[in-house]
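run.txt follows (compact mmCIF, C-alpha atoms):
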# COMPACT_ATOMS: atom_id res chain seq x y z
CA MET U 66 -51.69 40.34 80.47
CA ALA U 67 -51.44 42.20 83.79
CA LEU U 68 -54.88 43.75 83.30
CA GLN U 69 -56.37 40.39 82.33
CA LEU U 70 -54.94 38.83 85.49
CA GLN U 71 -56.76 41.57 87.41
CA GLY U 72 -60.04 40.53 85.76
CA ALA U 73 -60.20 43.36 83.21
CA GLU U 74 -61.90 42.39 79.96
CA ILE U 75 -59.28 43.93 77.73
CA ASP U 76 -57.06 42.65 74.95
CA GLU U 77 -53.70 43.53 73.45
CA ALA U 78 -55.25 45.51 70.61
CA GLU U 79 -56.76 47.94 73.10
CA VAL U 80 -53.36 48.46 74.71
CA PHE U 81 -51.85 49.37 71.32
CA SER U 82 -54.83 51.61 70.60
CA HIS U 83 -54.36 53.46 73.89
CA ALA U 84 -50.59 53.84 73.42
CA ALA U 85 -51.08 55.23 69.89
CA ASP U 86 -54.12 57.34 70.91
CA VAL U 87 -55.90 55.96 67.84
CA THR U 88 -59.34 54.37 68.11
CA LEU U 89 -59.51 51.01 66.38
CA PRO U 90 -62.57 50.34 64.21
CA ASN U 91 -65.48 48.17 65.34
CA ARG U 92 -64.62 48.63 69.00
CA SER U 93 -67.27 49.79 71.43
CA ARG U 94 -66.36 52.67 73.69
CA ARG U 95 -65.22 51.48 77.10
CA GLU U 96 -67.23 53.05 79.90
CA THR U 97 -65.44 52.84 83.25
CA LEU U 98 -65.02 54.91 86.36
CA THR U 99 -61.31 54.10 86.47
CA ASP U 100 -58.58 54.29 83.87
CA PRO U 101 -57.19 50.76 83.27
CA PHE U 102 -54.07 52.29 81.75
CA ASP U 103 -53.33 54.56 84.68
CA GLY U 104 -49.66 54.14 85.53
CA LEU U 105 -48.65 52.75 82.12
CA GLY U 106 -46.19 55.59 81.53
CA THR U 107 -44.64 55.17 84.98
CA TRP U 108 -44.18 51.43 84.39
CA GLN U 109 -42.61 52.03 80.97
CA ALA U 110 -40.18 54.49 82.56
CA SER U 111 -39.29 51.94 85.26
CA LEU U 112 -38.15 49.49 82.59
CA SER U 113 -35.17 51.73 81.84
CA ALA U 114 -33.95 51.91 85.45
CA ALA U 115 -30.75 49.88 85.20
CA GLY U 116 -28.09 48.87 87.72
CA ARG U 117 -30.42 48.31 90.67
CA HIS U 118 -30.55 45.25 92.93
CA TRP U 119 -33.59 43.01 92.61
CA ARG U 120 -34.63 43.83 96.18
CA GLU U 121 -34.95 47.53 95.36
CA ASP U 122 -38.39 48.97 94.58
CA LEU U 123 -40.19 46.04 96.22
CA PRO U 124 -42.89 47.36 98.58
CA PHE U 125 -42.45 44.43 101.00
CA SER U 126 -39.68 42.48 102.73
CA ALA U 127 -39.07 39.22 100.90
CA GLU U 128 -38.85 36.12 103.09
CA LEU U 129 -36.37 33.79 101.45
CA PRO U 130 -37.01 30.07 102.04
CA GLU U 131 -34.23 27.72 103.12
CA SER U 132 -34.05 26.17 99.64
CA TRP U 133 -33.60 29.62 98.03
CA SER U 134 -29.91 29.24 97.12
CA GLU U 135 -30.50 25.81 95.57
CA ALA U 136 -33.43 26.78 93.38
CA PRO U 137 -33.00 27.81 89.71
CA THR U 138 -32.84 31.56 89.24
CA LEU U 139 -36.12 31.66 87.33
CA VAL U 140 -37.91 29.83 90.14
CA ARG U 141 -36.45 32.35 92.60
CA ALA U 142 -37.87 35.21 90.55
CA LEU U 143 -41.33 33.60 90.45
CA GLU U 144 -41.23 33.08 94.22
CA ILE U 145 -40.61 36.81 94.66
CA VAL U 146 -43.59 37.50 92.37
CA ARG U 147 -45.70 35.14 94.49
CA GLN U 148 -44.79 37.01 97.67
CA PHE U 149 -45.34 40.33 95.88
CA ALA U 150 -48.82 39.18 94.84
CA ARG U 151 -49.67 38.41 98.48
CA ALA U 152 -48.50 41.87 99.55
CA ASP U 153 -50.09 43.85 96.69
CA ARG U 154 -53.50 43.00 95.25
CA GLY U 155 -53.01 45.22 92.21
CA ALA U 156 -51.27 44.62 88.90
CA ALA U 157 -47.84 45.70 90.19
CA PRO U 158 -46.55 42.13 90.86
CA TRP U 159 -47.22 41.01 87.28
CA LEU U 160 -45.77 44.22 85.82
CA HIS U 161 -42.63 43.89 87.94
CA LEU U 162 -41.66 40.48 86.55
CA PRO U 163 -39.74 41.79 83.46
CA ILE U 164 -37.78 44.13 85.75
CA LEU U 165 -37.08 41.35 88.22
CA LEU U 166 -35.90 38.96 85.49
CA HIS U 167 -33.45 41.59 84.28
CA ARG U 168 -32.14 42.51 87.72
CA MET U 169 -31.60 38.83 88.54
CA GLU U 170 -29.61 38.59 85.25
CA ILE U 171 -32.02 36.15 83.63
CA THR U 172 -32.55 38.50 80.68
CA ALA U 173 -30.07 40.97 79.17
CA SER U 174 -32.64 43.79 79.37
CA PRO U 175 -36.17 44.25 80.72
CA LEU U 176 -38.55 42.64 78.21
CA PRO U 177 -42.07 44.11 78.38
CA CYS U 178 -43.54 41.01 76.74
CA LEU U 179 -42.64 38.94 79.83
CA VAL U 180 -45.43 40.34 81.98
CA ALA U 181 -46.98 37.23 83.52
CA GLY U 182 -48.39 35.80 86.71
CA ALA U 183 -50.89 33.45 88.27
CA LYS U 184 -54.07 34.31 90.15
CA ALA U 185 -53.37 31.35 92.44
CA PHE U 186 -50.48 33.32 93.93
CA ARG U 187 -53.08 35.41 95.77
CA PHE U 188 -54.13 32.45 97.93
CA PRO U 189 -52.15 30.85 100.77
CA ARG U 190 -53.09 27.35 99.65
CA HIS U 191 -52.64 26.25 96.06
CA ASP U 192 -51.00 23.46 94.11
CA ALA U 193 -47.53 24.99 93.93
CA ALA U 194 -46.17 22.49 91.40
CA ALA U 195 -49.14 22.83 89.03
CA THR U 196 -49.14 26.63 89.32
CA LEU U 197 -45.39 26.82 88.63
CA THR U 198 -45.67 24.48 85.64
CA ALA U 199 -48.51 26.50 84.14
CA LEU U 200 -46.64 29.76 84.68
CA LEU U 201 -43.45 28.42 83.10
CA ARG U 202 -45.47 27.34 80.06
CA GLN U 203 -47.07 30.78 79.95
CA LEU U 204 -43.63 32.43 80.01
CA ALA U 205 -42.36 30.16 77.24
CA ARG U 206 -45.39 31.01 75.10
CA ILE U 207 -45.21 34.78 75.52
CA ALA U 208 -41.42 34.74 75.06
CA ALA U 209 -41.89 32.93 71.74
CA GLN U 210 -44.55 35.46 70.72
CA GLY U 211 -42.20 38.29 71.67
CA ARG U 212 -39.48 36.83 69.50
CA GLU U 213 -41.90 36.53 66.59
CA ARG U 214 -42.84 40.18 67.08
CA LEU U 215 -39.17 41.21 67.03
CA ASP U 216 -38.63 39.21 63.82
CA ALA U 217 -41.63 41.00 62.28
CA ILE U 218 -40.23 44.40 63.31
CA GLU U 219 -36.89 43.60 61.69
CA ALA U 220 -38.64 42.37 58.53
CA ASP U 221 -40.67 45.61 58.44
CA ARG U 222 -37.46 47.62 58.77
CA LYS U 223 -35.84 45.79 55.86
CA ARG U 224 -38.91 46.25 53.65
CA ALA U 225 -39.02 49.94 54.54
CA ILE U 226 -35.37 50.41 53.56
CA GLN U 227 -35.87 48.57 50.27
CA THR U 228 -38.93 50.73 49.49
CA ILE U 229 -37.06 53.97 50.24
CA ALA U 230 -34.09 52.90 48.12
CA ALA U 231 -36.35 52.11 45.16
CA GLN U 232 -37.80 55.63 45.07
CA ARG U 233 -36.07 58.46 43.28
CA ARG U 234 -37.36 61.04 45.75
CA PRO U 235 -38.59 59.36 48.94
CA GLY U 236 -39.22 62.72 50.62
CA MET U 237 -41.33 62.31 53.77
CA MET U 238 -41.68 58.57 53.20
CA THR U 239 -38.47 57.97 55.18
CA PRO U 240 -39.61 59.68 58.40
CA LEU U 241 -43.09 58.13 58.03
CA LEU U 242 -41.69 54.60 57.85
CA ALA U 243 -39.37 55.39 60.75
CA LEU U 244 -42.39 56.62 62.73
CA LEU U 245 -44.27 53.39 62.02
CA GLN U 246 -41.46 51.46 63.70
CA HIS U 247 -42.30 53.36 66.89
CA ARG U 248 -46.07 53.62 66.41
CA PRO U 249 -47.35 50.57 64.50
CA VAL U 250 -50.95 51.81 64.87
CA LEU U 251 -51.32 55.15 63.12
CA SER U 252 -53.86 57.52 61.63
CA PRO U 253 -53.24 60.38 59.18
CA GLU U 254 -54.03 62.84 61.96
CA LYS U 255 -51.43 61.40 64.32
CA ALA U 256 -48.87 61.07 61.51
CA ALA U 257 -49.41 64.70 60.53
CA GLN U 258 -48.98 65.79 64.14
CA ALA U 259 -45.73 63.86 64.58
CA LEU U 260 -44.20 64.73 61.22
CA LYS U 261 -45.45 68.33 61.19
CA ILE U 262 -47.15 68.03 57.81
CA THR U 263 -50.74 68.40 56.65
CA VAL U 264 -53.32 65.70 57.32
CA SER U 265 -53.86 65.39 53.58
CA GLY U 266 -50.14 64.87 52.99
CA ALA U 267 -49.94 62.29 55.77
CA GLY U 268 -52.94 60.45 54.33
CA LYS U 269 -51.30 60.27 50.93
CA LEU U 270 -48.06 58.98 52.46
CA LEU U 271 -49.89 56.28 54.40
CA ALA U 272 -51.87 55.27 51.31
CA LYS U 273 -48.62 55.00 49.40
CA ALA U 274 -47.10 52.87 52.15
CA ALA U 275 -50.22 50.67 52.11
CA SER U 276 -49.95 50.18 48.34
CA ALA U 277 -46.39 48.94 48.89
CA GLY U 278 -47.59 46.43 51.50
CA LEU U 279 -45.84 48.19 54.38
CA VAL U 280 -49.07 48.85 56.33
CA ARG U 281 -52.68 47.69 56.23
CA GLU U 282 -55.69 50.01 56.26
CA ILE U 283 -58.14 48.34 58.65
CA SER U 284 -61.08 50.76 58.92
CA GLY U 285 -62.43 50.35 55.39
CA ARG U 286 -63.56 53.97 55.52
CA GLY U 287 -62.93 56.75 53.06
CA SER U 288 -62.00 59.11 55.89
CA TRP U 289 -60.79 58.74 59.48
CA ARG U 290 -58.70 55.82 58.35
CA VAL U 291 -56.53 53.65 60.59
CA TYR U 292 -53.33 51.95 59.47
CA VAL U 293 -51.63 49.03 61.21
CA MET U 294 -48.44 47.12 60.51
CA PRO U 295 -49.29 43.92 58.58
CA ASP U 296 -48.37 41.41 61.30
CA LEU U 297 -50.44 43.29 63.88
CA ALA U 298 -53.41 43.50 61.50
CA VAL U 299 -53.39 39.69 61.38
CA HIS U 300 -52.70 39.31 65.10
CA PHE U 301 -55.58 41.63 66.05
CA GLY U 302 -57.98 39.86 63.69
CA PHE U 303 -58.41 42.69 61.18
CA ALA U 304 -56.87 40.70 58.31
CA ALA U 305 -56.50 37.06 57.36
CA ALA U 306 -53.10 35.47 57.62
CA PRO U 307 -51.43 35.26 54.20
CA ALA U 308 -51.68 31.85 52.57
CA GLY U 309 -48.66 29.91 51.40
CA ARG U 310 -45.03 30.43 52.28
CA PRO U 311 -44.17 33.86 53.70
CA ARG U 312 -42.40 36.23 51.36
CA SER U 313 -38.67 36.41 51.95
CA VAL U 314 -37.26 39.77 52.88
CA PRO U 315 -34.20 40.60 50.76
CA GLU U 316 -31.02 41.48 52.57
CA PRO U 317 -29.94 45.09 52.01
CA ALA U 318 -27.25 45.36 49.35
CA PRO U 319 -23.94 47.09 50.19
CA GLU U 320 -24.94 50.17 48.16
CA LEU U 321 -27.87 50.71 50.53
CA GLU U 322 -25.63 51.67 53.43
CA ALA U 323 -26.40 55.38 53.01
CA VAL U 324 -30.16 54.69 52.94
CA ILE U 325 -29.88 52.53 56.05
CA ALA U 326 -27.91 55.24 57.85
CA ASP U 327 -30.51 57.89 56.94
CA PHE U 328 -33.36 55.64 58.05
CA ASP U 329 -31.68 54.88 61.37
CA ARG U 330 -31.06 58.59 61.94
CA GLU U 331 -34.73 59.29 61.33
CA MET U 332 -35.68 56.56 63.80
CA ALA U 333 -33.37 58.01 66.44
CA ALA U 334 -34.74 61.52 65.87
CA ILE U 335 -38.35 60.32 66.15
CA ASP U 336 -37.51 58.31 69.26
CA ALA U 337 -36.04 61.43 70.89
CA MET U 338 -39.07 63.49 69.82
CA LEU U 339 -41.59 60.99 71.22
CA ASN U 340 -39.70 60.83 74.51
CA ARG U 341 -39.72 64.61 74.87
CA ARG U 342 -43.50 65.04 74.83
CA PRO U 343 -46.59 63.01 75.69
CA GLY U 344 -49.16 61.82 73.16
Conversion result in C-alpha cells:
Amino acid sequence: MALQLQGAEIDEAEVFSHAADVTLPNRSRRETLTDPFDGLGTWQASLSAAGRHWREDLPFSAELPESWSEAPTLVRALEIVRQFARADRGAAPWLHLPILLHRMEITASPLPCLVAGAKAFRFPRHDAAATLTALLRQLARIAAQGRERLDAIEADRKRAIQTIAAQRRPGMMTPLLALLQHRPVLSPEKAAQALKITVSGAGKLLAKAASAGLVREISGRGSWRVYVMPDLAVHFGFAAAPAGRPRSVPEPAPELEAVIADFDREMAAIDAMLNRRPG
C-alpha cells in the first residue's frame, strides 16, 4: 500500500515474493535503478519498538490544532499522518501509521496491515472531510482483510496439526508446516536451506503437503516449483476460489495436546532461526 501511494506499480504478491526471496511464476523481471523494498527490514524492526510515546521517531514537530483534545483518537492519528506527509515526501508517513495507532493505544500491537494514507495529504488544499471519509473506509477495508488473513493462518495451523497427528511418523513434516506459517511462499530450495535437508527431500515434503491440501503448487512446472498457502494462491490470482461452503476446520481433540506443543515448539525455533540471519 505504501509503495502504491508513492506511485509504484507493485502489488501485494510482489511484496510476499521479495520477503520469501522466491520468484513467482508468470511475473516479468522488474527493472529499476532503485530498490522499492529498501528499508523494509528497518521498518519491520521498528514495529517491535514498544513503550515509546507517539511523538518519538517523528522527523518533524507536530502542530496540534485547537480542537485536538476534542477529536476522536483515530482522527488525531490521521492528522499526524497528514502533517508527516507534508514534511516527508517518501513512504515513511504511510508506513508509520501502524506504529502511531499502537502508540496512541488505538490497537493493542502494531498491525502491519494498517499501512494506509491519502495522496491528498501532500497538498495544502484538499477536501478534508472527503479525504478523511475515504481514508476511514480504506482502514476499515484493510482491517477486515487483515482479520480474514489471521483467520486463514489459524485455519492453516489447525489443518497442519491434524495432518501431523494422522501420520505415524511425521518426521520433517512438522518443521516444514511450521516453516510455512512463517514463510507462506516457499520453494524446495528455500525449504531445504531453512530445514537443512536436501532439495530433493524438501520437494517431496512440499509435494506431500500439497497432496494434503496444505499448500498449492502454482508454477505448474516439473522443476523449480513454487508453493503458496491456499488462501494466498486465491488472493494472488493463481487459483480459483473454492466453490460452495468452505470446509470446516476440526477443533483439535484433547489427545492432540502433545502434537500441538511439538508444533508450537517448532514454530518458535524457526522464528528464532529466521530472526538470527537474513534471507
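Each of U:Ala305, U:Leu68, U:Leu176, U:Ala152 was compared to Ser113 of chain U using all atoms listed in the file, and U:Leu176 turns out to be the nearest.
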*Would you kindly return, as a list in words, each protein, DNA or RNA residue with an atom no farther than 7 Å from any atom of Val250 of chain U, considering only C-alpha atoms and excluding same-chain residues fewer than 6 positions away?*
Phe81, Ser82, Ala85, Tyr292, Val293 and Met294 of chain U
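Picture a line from atom CA of Ser174 of chain U to atom CA of Gly116 of chain U; it runs 10.8 Å.
Across the structure, atom CA of Ser276 of chain U and atom CA of Asp86 of chain U are spaced 24.0 Å apart.
For the residues U:Leu166, U:Leu143, U:Ala150, U:Ile262, ranking by smallest atom-to-atom distance to Met238 of chain U using all atoms listed in the file places U:Ile262 first.
We find atom CA of Thr138 of chain U and atom CA of His118 of chain U to be spaced 14.4 Å apart.
Using all atoms listed in the file, the nearest neighbour of Glu282 of chain U within the list U:Leu179, U:Val264, U:Ile145, U:Ala304 is U:Ala304.
Remark: for Thr172 of chain U, the closest of the candidate residues U:Ala142, U:Leu260, U:Ala243, U:Met332 is U:Ala142 (distances computed over only C-alpha atoms).
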_Using only C-alpha atoms: which of U:His191, U:Lys184, U:Arg224, U:Arg141 has the shortest distance to Leu70 of chain U_ = U:Lys184
*Could you give me, as a PyMOL selection string, the residues within 9 Å of Phe149 of chain U, counting all atoms listed in the file and dropping anything in the same chain fewer than 3 positions from it?*
chain U and resi 123-125+127+144-146+152-154+157-159+186
Quick one: write out the picked residues with C-alpha atoms as an mmCIF file, in the frame of the given file?
data_model
loop_
_atom_site.group_PDB
_atom_site.id
_atom_site.type_symbol
_atom_site.label_atom_id
_atom_site.label_comp_id
_atom_site.auth_asym_id
_atom_site.auth_seq_id
_atom_site.Cartn_x
_atom_site.Cartn_y
_atom_site.Cartn_z
ATOM 1 C CA LEU U 123 -40.190 46.040 96.220
ATOM 2 C CA PRO U 124 -42.890 47.360 98.580
ATOM 3 C CA PHE U 125 -42.450 44.430 101.000
ATOM 4 C CA ALA U 127 -39.070 39.220 100.900
ATOM 5 C CA GLU U 144 -41.230 33.080 94.220
ATOM 6 C CA ILE U 145 -40.610 36.810 94.660
ATOM 7 C CA VAL U 146 -43.590 37.500 92.370
ATOM 8 C CA ALA U 152 -48.500 41.870 99.550
ATOM 9 C CA ASP U 153 -50.090 43.850 96.690
ATOM 10 C CA ARG U 154 -53.500 43.000 95.250
ATOM 11 C CA ALA U 157 -47.840 45.700 90.190
ATOM 12 C CA PRO U 158 -46.550 42.130 90.860
ATOM 13 C CA TRP U 159 -47.220 41.010 87.280
ATOM 14 C CA PHE U 186 -50.480 33.320 93.930
#
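Closest to Gly104 of chain U among U:Leu271, U:Gly155, U:Thr196, U:Leu339 is U:Gly155, based on all atoms listed in the file.
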*Who sits within 12 Å of segment 325-327 of chain U, all atoms listed in the file, same chain under 4 positions skipped, as a list in words*: Arg222, Lys223, Arg224, Ala225, Ile226, Gln227, Thr228, Ile229, Ala230, Pro235, Gly236, Met238, Thr239, Pro240, Leu242, Ala243, Glu316, Pro317, Ala318, Pro319, Glu320, Leu321, Glu331, Met332, Ala333 and Ala334 of chain U
*asked:* If we count only C-alpha atoms and set the cut-off at 10 Å, which residues sit around Ile164 of chain U, ignoring sequence neighbours fewer than 4 positions away in its own chain? Please answer as a ChimeraX atom specification.
replied: /U:108,111-115,117,119,160,168-170,172,174-177,179-180
*asked:* Within 10 Å of (-58.4, 47.5, 61.7) (file coordinates; only C-alpha atoms), which protein or nucleic acid residues are there? I'd like them as a list in words.
replied: Ala78, Thr88, Leu89, Pro90, Asn91, Arg92, Val250, Arg281, Glu282, Ile283, Ser284, Gly285, Arg290, Val291, Tyr292, Val293, Leu297, Ala298, Val299, Phe301, Gly302, Phe303 and Ala304 of chain U
